[in-house]
Amino acid sequence: MTSPGSAVDSLSAAIKCNIIPNQEYLLQGSVLDQYVEVLLHRLRGLCDNVDSGPESFNDHELCFTLRGNTPNSSMVLPLRVRRALDVPDAPWQLRYVGQHELGDKNRPTAVRSSIDMACSSTIVEFLTELGCRVDFEYIARGYMFRKGRMKITVSKIFKMGSMASKPNESVEPISQSYLVELSVLAPSGQDAIAEDMRIFAEQLKPLVQLEKIDYKRLAHIQ
Amino acid sequence: MGVTVVQNFPITENRTGPSTIELLTKRISALGAIQQGHFLVDCETYTSVPQLGNPRTVHILHNSEQPATVFSILETENKTIPLATDGLFDLLMIKMANFYTSKKQTKAESKGPRYEIGDFLVKLGTVTVSQNFKGVLVEVEYRPCVVPAMCWELMREFLQGFLGSTAQSAPPLYLQNRMQDIYSPIDTIHQYLEQFTIYRKAPGLRT
Amino acid sequence: MSYNSNSVNISVEAPIENQIQEITYDGTEIYQPPLTLSESLAKFAQKIDFSKSNELDIKKDTDEAFEDNKSDSDSKDAFQSSLWPWDSVRSKLRSALQEVCVLADVLAIAKEKRYLVLDPVQQEAVETKPMVQIYARKKALAGAANVLLTGAERLKTSQNEILRNRQTPDFHIELLRLRQNWRLKKVSNSIIGDLSYRTAGSKFFQSGMFEVTKAEEEEKTSSPPSSPAPGIAQVSKSNSSLRVTVPSELQGVAYIEVLCQKDQEDLCSVNLNLLGSGPPTANPEVHWQQKLEAAQNVLFCKELFNQLAKEAVQLQAPIPHMVVGNQIMATVLPGIQLVIGLCHSATADKKNQQTAPAPSKSDHDHVLEHSLHQLLREVHHKNTHHPFPHPSSAPLGPSKKRYLAGPMAADRHELLEMTHTETLLEQIIKQAQHFFMRMRTEYVLDTIAKEVKDPLISSHWNTLNSPTQSCVKINISTHGYDAVCRTPLVIHVGEKSLKCICRDGKVMHMSYEPQELRDLIFCHINQHQILAVQALAKTMGWQFLGNSNHLGLGSVEPLGNASSCLLGSPNGDRVIAVRCEPQSGVQVSVAHSPRTDFFPSRLVTERKWEHLGGQFRDVRLEKMEGRNFLHKMELLMASLTSNS
């Protein structure tokens, strides 16, 4: 048996082989509350495992940023922490999500770099002490589906109530619609999957318009 | 998963690192231990840039015994927070390069052969700090037990069995406050960090 | 025309659109431009038919009127031209004017009532006989009803005719039924179906494409009396209007044969056949549903066999598995092979030959048949049912255990275990091994129960067991003395080993050799007898002087050790010694002290020495009365007690 190489070495080897899924292909849209049932019905018909019914989830997400004290510093590192409130033994998730790259018109989906990892529950304290600040937090409840490698989530976003320590209570929805996301996490360069996503999004068309959202434009609207 | 004790084995004047390992190998083999591969524990330390305010230190450790895990220990002025994550945490540290920088000369690692002898797991590690040989660390794990207080005496006896008089009579500093707790892999990491910190501070070989 | 109540006003209108003048080749319609007001007036005026009014003889005044009108409207030459469009209009208007003038004059005169009187004229009454009308209507209605009825009758008979002529249902209805059960899609002009298990999670390379076509009218081919086999034609006619074409490699019937061989001799055989291996019909034109099901079964068997063969080649077994042609041979236990074969017969004749010997063997056990089937289904299910991640933003793919491995710091061993999955072949071998272990255990227990009448050995098999583990509880007791002593044992039957939990809590592990279990049971029978005697002695008031489970005295036993015990009578003058040997059975000896009669000798001068214990004398148990050993011992103790 050869001596084990250092973990960093094997990681960099994995990066070189491009087997680490670090790109997220994403399409987003929304559907009004009164039509969500219809959408769920449609998704049940389109997605895998129709026999077991849709999988529900109830997640709590905290969005952190790590930035320097100096006001003009452009160095900003956004980090997200998510945990499943309905599955207590599931690990927490730490996630870095990069900038949306919309690409040109021919590109069917938005792409953003993503590093995500499971972590222990000390993560919130760790990040706080690391110098991160909580920007906002929310609760996402809804259903998820899968179709091959594609993951579809239909989630309702809730504002955190005053009692941050008890996220299950005192929540209020931020809008009268559901957020619909179609995403695939893949190693970079697998653009073929984006085409599959576009075709899938087409099939949901009259119910929900899934498209690449330009966040910069949203920022201008505000 | 059992209780682990990590301990420095002092190198006497007339011996080199490899000969010390050889000596210990001979002793442990005489007890009937069988070599089962090798092991590696490494540690990289990152410090915060001044723009972040109060100085903080993040130690990133890997243990080949838990190959899917990256251990991080964050040290602030008054707190120590451990974190266990997937292997991708290393990628995130690259992203944090603007905020936390590593000092290359502090990269410490302990590696060497791994032996199994009954319920015990023995690892004889050669410690290097930025490629410089610093000493020998002996790790002993007693696998059937998870509470240190319940097996410390047994482990001490075992340690004395092959380390002789150099075996410590008291449990490692880190374990002393946690003798009644359930032992977990992060405790091993804490012990290694404790040892690596001493090695880094020592100017030459640690005796 | 008489207007009666039945009449209906019908108004006919021209569509309010321009007339089409021309349709060009590209389909555009060129409309006529609408008429101007004057044009349309002229057009309508031309349509007026004044012929009826012309019949009236009013010529006398026409000339005057003509001239009046002419003078203020048109020239003379225009009047003479017969082509002048207003000519007839003018003349007719004039004659109308004349009539109106005359009428006005008449009315004026009549109004004076001096020269003219208007008398009412008796109008001739219209003959309206209601009865006649009713009859007429009735007749008309009856006529109409008749027409409708005959029409309906004709439709009905023609429908019946069609049904009688074609017993096959409509093609489209058939297609709809097919579509409800099978995957179909239209590719250009043909309909292609897929009968593979791919949507259910199969990853088998072979596709299960089939083609659906409309069956040709069979009547044309079969109706001529010269047809060689009208009977067959009749059968095929009753099938359907669909024809399903299955690729040749999926035709016929396939099944997987599982045989357990002991030194080349068949022990048992199981046929795997999803359709329940009924005798296949000779008719090649079976209904499409059966045809597709059979093809799907063939595909399933092929996938199963393919998977097993692949595993057999890859697996590193101490005795390598063999794959020869359509057979896989794996060693289950020493001397016992598991043979898995794929039988695929394309034609009906061969099939009959192959299935004929099968029923004679297949009355053994259908567990392996079911298991193989189930195992592949399980693989399929796992392929499609991946766990969802929690939290929802986590990646799809890794199992929950793997996702937890990082933060929970799983060690190398745990991670290796996660990647390890048991192959189908390994699982079926384990099941076969367990099957043999169970059979052997059953056999050993039954033969011992048959051989050994005293004590009684009863075994209870747990009804709930898994394919690789079962459990049997054994009770050793003596008839009539169950309450005194009972030795329970529990045996867990595994894949290649047995685990016995003894009465005292000791756990014994045994290999697959049945002799080991046999020896163990005999040792326990032996132990039971000694313990039972001791328990009996207690109830009889005898004293328990001592025992040894592993007696070092006497001849060496081939298995285990002899055990013994010593019992003293209530007043202590008699001692019974029992020695139990697994092989040679029970020996009982009795000693009296003191003896009832004393003869002083040179060596033993006084009677008191007799208390030291006397000589043991063997009891010939087989000559004693009593149903079994314990009963004999009870009688013996009772007799020795009463004697004192």
# chains A, B, ... in the order shown; residues from 1 in each chain; ligands from 1
$ interface_residues --of "chain C" --to "chain A" --cutoff "6 Å" --atoms "only C-alpha atoms" --output "ChimeraX atom specification"
/C:390-391,407
$ interface_residues --of "chain B" --to "chain C" --cutoff "12 Å" --atoms "only C-alpha atoms" --output "PyMOL selection string"
chain B and resi 1-2+37+39+62-72+82-89+184-189
$ closest_residue --among "A:Cys47, A:Val124, A:Leu40, A:Ala110" --to "chain B" --atoms "only C-alpha atoms"
A:Val124
$ closest_residue --among "A:Leu43, A:Leu11, A:Cys17, A:Ala219" --to "chain B" --atoms "only C-alpha atoms"
A:Leu11
$ atom_distance --atom1 "CA of Asp504 in chain C" --atom2 "CA of Leu445 in chain C"
20.4 Å
$ closest_residue --among "A:Thr122, A:Leu127, A:Lys212, A:Glu137" --to "Asp104 in chain A" --atoms "only C-alpha atoms"
A:Lys212
$ decode --residues "range 27-164 of chain A" --atoms "C-alpha atoms" --output "CSV table (one decimal), in the first residue's frame"
chain,number,residue,atom,x,y,z
A,27,LEU,CA,-33.4,28.8,-14.6
A,28,GLN,CA,-35.8,30.6,-12.4
A,29,GLY,CA,-39.4,31.7,-12.5
A,30,SER,CA,-42.4,32.1,-10.3
A,31,VAL,CA,-45.9,31.0,-10.1
A,32,LEU,CA,-48.9,32.5,-8.2
A,33,ASP,CA,-50.2,30.7,-5.2
A,34,GLN,CA,-53.5,29.8,-6.8
A,35,TYR,CA,-51.8,28.0,-9.7
A,36,VAL,CA,-49.1,26.2,-7.8
A,37,GLU,CA,-51.3,23.1,-7.5
A,38,VAL,CA,-51.5,22.9,-11.3
A,39,LEU,CA,-47.8,23.3,-11.6
A,40,LEU,CA,-47.1,20.5,-9.1
A,41,HIS,CA,-49.5,18.3,-11.0
A,42,ARG,CA,-47.6,19.0,-14.2
A,43,LEU,CA,-44.3,18.3,-12.5
A,44,ARG,CA,-45.5,15.1,-11.1
A,45,GLY,CA,-46.3,14.0,-14.6
A,46,LEU,CA,-43.0,15.1,-16.1
A,47,CYS,CA,-40.5,14.1,-13.5
A,48,ASP,CA,-39.1,10.8,-12.2
A,49,ASN,CA,-40.6,8.8,-9.4
A,50,VAL,CA,-44.2,9.7,-9.8
A,51,ASP,CA,-45.1,6.9,-7.6
A,52,SER,CA,-43.6,8.2,-4.4
A,53,GLY,CA,-45.1,11.6,-4.7
A,54,PRO,CA,-43.4,14.9,-4.4
A,55,GLU,CA,-40.7,15.3,-1.7
A,56,SER,CA,-41.3,18.2,0.6
A,57,PHE,CA,-38.7,20.3,2.2
A,58,ASN,CA,-38.5,23.0,4.9
A,59,ASP,CA,-35.2,24.7,4.9
A,60,HIS,CA,-33.7,27.6,6.7
A,61,GLU,CA,-31.1,29.7,4.9
A,62,LEU,CA,-28.7,32.3,6.3
A,63,CYS,CA,-26.8,34.5,3.8
A,64,PHE,CA,-23.5,35.8,5.0
A,65,THR,CA,-20.9,38.0,3.5
A,66,LEU,CA,-17.3,38.2,4.4
A,67,ARG,CA,-15.9,41.7,3.7
A,68,GLY,CA,-13.2,43.9,5.0
A,69,ASN,CA,-13.8,46.7,7.5
A,70,THR,CA,-12.7,49.4,5.2
A,71,PRO,CA,-15.7,50.8,3.4
A,72,ASN,CA,-14.2,51.0,-0.1
A,73,SER,CA,-13.0,47.4,-0.1
A,74,SER,CA,-14.3,45.5,-3.1
A,75,MET,CA,-13.5,42.2,-1.7
A,76,VAL,CA,-16.7,40.5,-0.9
A,77,LEU,CA,-17.3,36.8,-0.4
A,78,PRO,CA,-20.9,35.7,-0.2
A,79,LEU,CA,-21.6,32.5,1.7
A,80,ARG,CA,-24.8,30.7,2.3
A,81,VAL,CA,-25.7,28.3,5.1
A,82,ARG,CA,-28.7,26.1,4.8
A,83,ARG,CA,-30.2,23.5,7.0
A,84,ALA,CA,-33.2,21.2,6.8
A,85,LEU,CA,-35.6,21.9,9.5
A,86,ASP,CA,-37.7,18.8,8.8
A,87,VAL,CA,-34.7,16.4,8.7
A,88,PRO,CA,-32.9,17.0,12.0
A,89,ASP,CA,-30.1,14.6,11.4
A,90,ALA,CA,-29.2,16.0,7.9
A,91,PRO,CA,-26.0,17.9,7.8
A,92,TRP,CA,-25.8,21.7,7.4
A,93,GLN,CA,-24.8,23.0,4.0
A,94,LEU,CA,-22.3,25.7,3.4
A,95,ARG,CA,-22.3,27.1,-0.1
A,96,TYR,CA,-20.4,29.7,-2.1
A,97,VAL,CA,-22.4,30.9,-5.1
A,98,GLY,CA,-20.6,33.0,-7.6
A,99,GLN,CA,-21.9,35.7,-10.0
A,100,HIS,CA,-24.6,34.8,-12.4
A,101,GLU,CA,-23.2,34.5,-15.9
A,102,LEU,CA,-26.0,35.1,-18.3
A,103,GLY,CA,-23.9,34.7,-21.5
A,104,ASP,CA,-25.3,35.7,-24.8
A,105,LYS,CA,-28.8,35.0,-26.1
A,106,ASN,CA,-27.9,31.5,-27.4
A,107,ARG,CA,-27.0,30.3,-24.0
A,108,PRO,CA,-30.2,28.6,-22.6
A,109,THR,CA,-29.4,29.0,-18.9
A,110,ALA,CA,-27.6,31.1,-16.5
A,111,VAL,CA,-24.5,29.6,-15.1
A,112,ARG,CA,-22.9,30.4,-11.8
A,113,SER,CA,-20.0,28.8,-10.0
A,114,SER,CA,-20.9,27.0,-6.9
A,115,ILE,CA,-18.9,25.3,-4.2
A,116,ASP,CA,-21.1,23.4,-1.8
A,117,MET,CA,-20.3,21.1,1.1
A,118,ALA,CA,-21.9,19.4,4.0
A,119,CYS,CA,-20.7,20.7,7.3
A,120,SER,CA,-21.3,20.3,11.0
A,121,SER,CA,-23.7,22.5,12.9
A,122,THR,CA,-20.9,24.7,14.3
A,123,ILE,CA,-20.8,26.4,10.9
A,124,VAL,CA,-22.9,29.5,12.0
A,125,GLU,CA,-20.6,30.2,14.9
A,126,PHE,CA,-17.6,29.5,12.8
A,127,LEU,CA,-18.6,32.0,10.1
A,128,THR,CA,-19.6,34.6,12.6
A,129,GLU,CA,-16.3,34.4,14.3
A,130,LEU,CA,-14.5,34.3,11.0
A,131,GLY,CA,-15.8,37.8,10.4
A,132,CYS,CA,-18.9,37.1,8.3
A,133,ARG,CA,-22.0,39.1,8.8
A,134,VAL,CA,-25.6,37.9,8.3
A,135,ASP,CA,-27.2,39.8,5.5
A,136,PHE,CA,-30.5,38.2,5.6
A,137,GLU,CA,-32.2,34.9,6.3
A,138,TYR,CA,-35.3,33.2,5.2
A,139,ILE,CA,-37.2,30.0,5.3
A,140,ALA,CA,-38.0,28.1,2.1
A,141,ARG,CA,-40.7,25.5,2.1
A,142,GLY,CA,-42.0,23.5,-0.8
A,143,TYR,CA,-41.5,20.5,-3.0
A,144,MET,CA,-38.7,19.2,-5.0
A,145,PHE,CA,-38.6,17.0,-8.1
A,146,ARG,CA,-36.0,15.4,-10.2
A,147,LYS,CA,-35.8,14.5,-13.8
A,148,GLY,CA,-32.5,12.8,-14.5
A,149,ARG,CA,-29.8,15.2,-13.3
A,150,MET,CA,-32.2,18.1,-13.1
A,151,LYS,CA,-33.6,19.3,-9.9
A,152,ILE,CA,-36.7,21.3,-9.7
A,153,THR,CA,-37.7,23.1,-6.6
A,154,VAL,CA,-41.0,24.8,-6.0
A,155,SER,CA,-40.6,26.8,-2.9
A,156,LYS,CA,-42.4,29.4,-0.9
A,157,ILE,CA,-40.1,32.0,0.8
A,158,PHE,CA,-41.0,33.1,4.2
A,159,LYS,CA,-39.6,36.1,6.1
A,160,MET,CA,-38.1,35.2,9.5
A,161,GLY,CA,-40.2,36.3,12.4
A,162,SER,CA,-38.9,38.2,15.3
A,163,MET,CA,-37.9,35.0,17.0
A,164,ALA,CA,-34.9,34.0,15.1
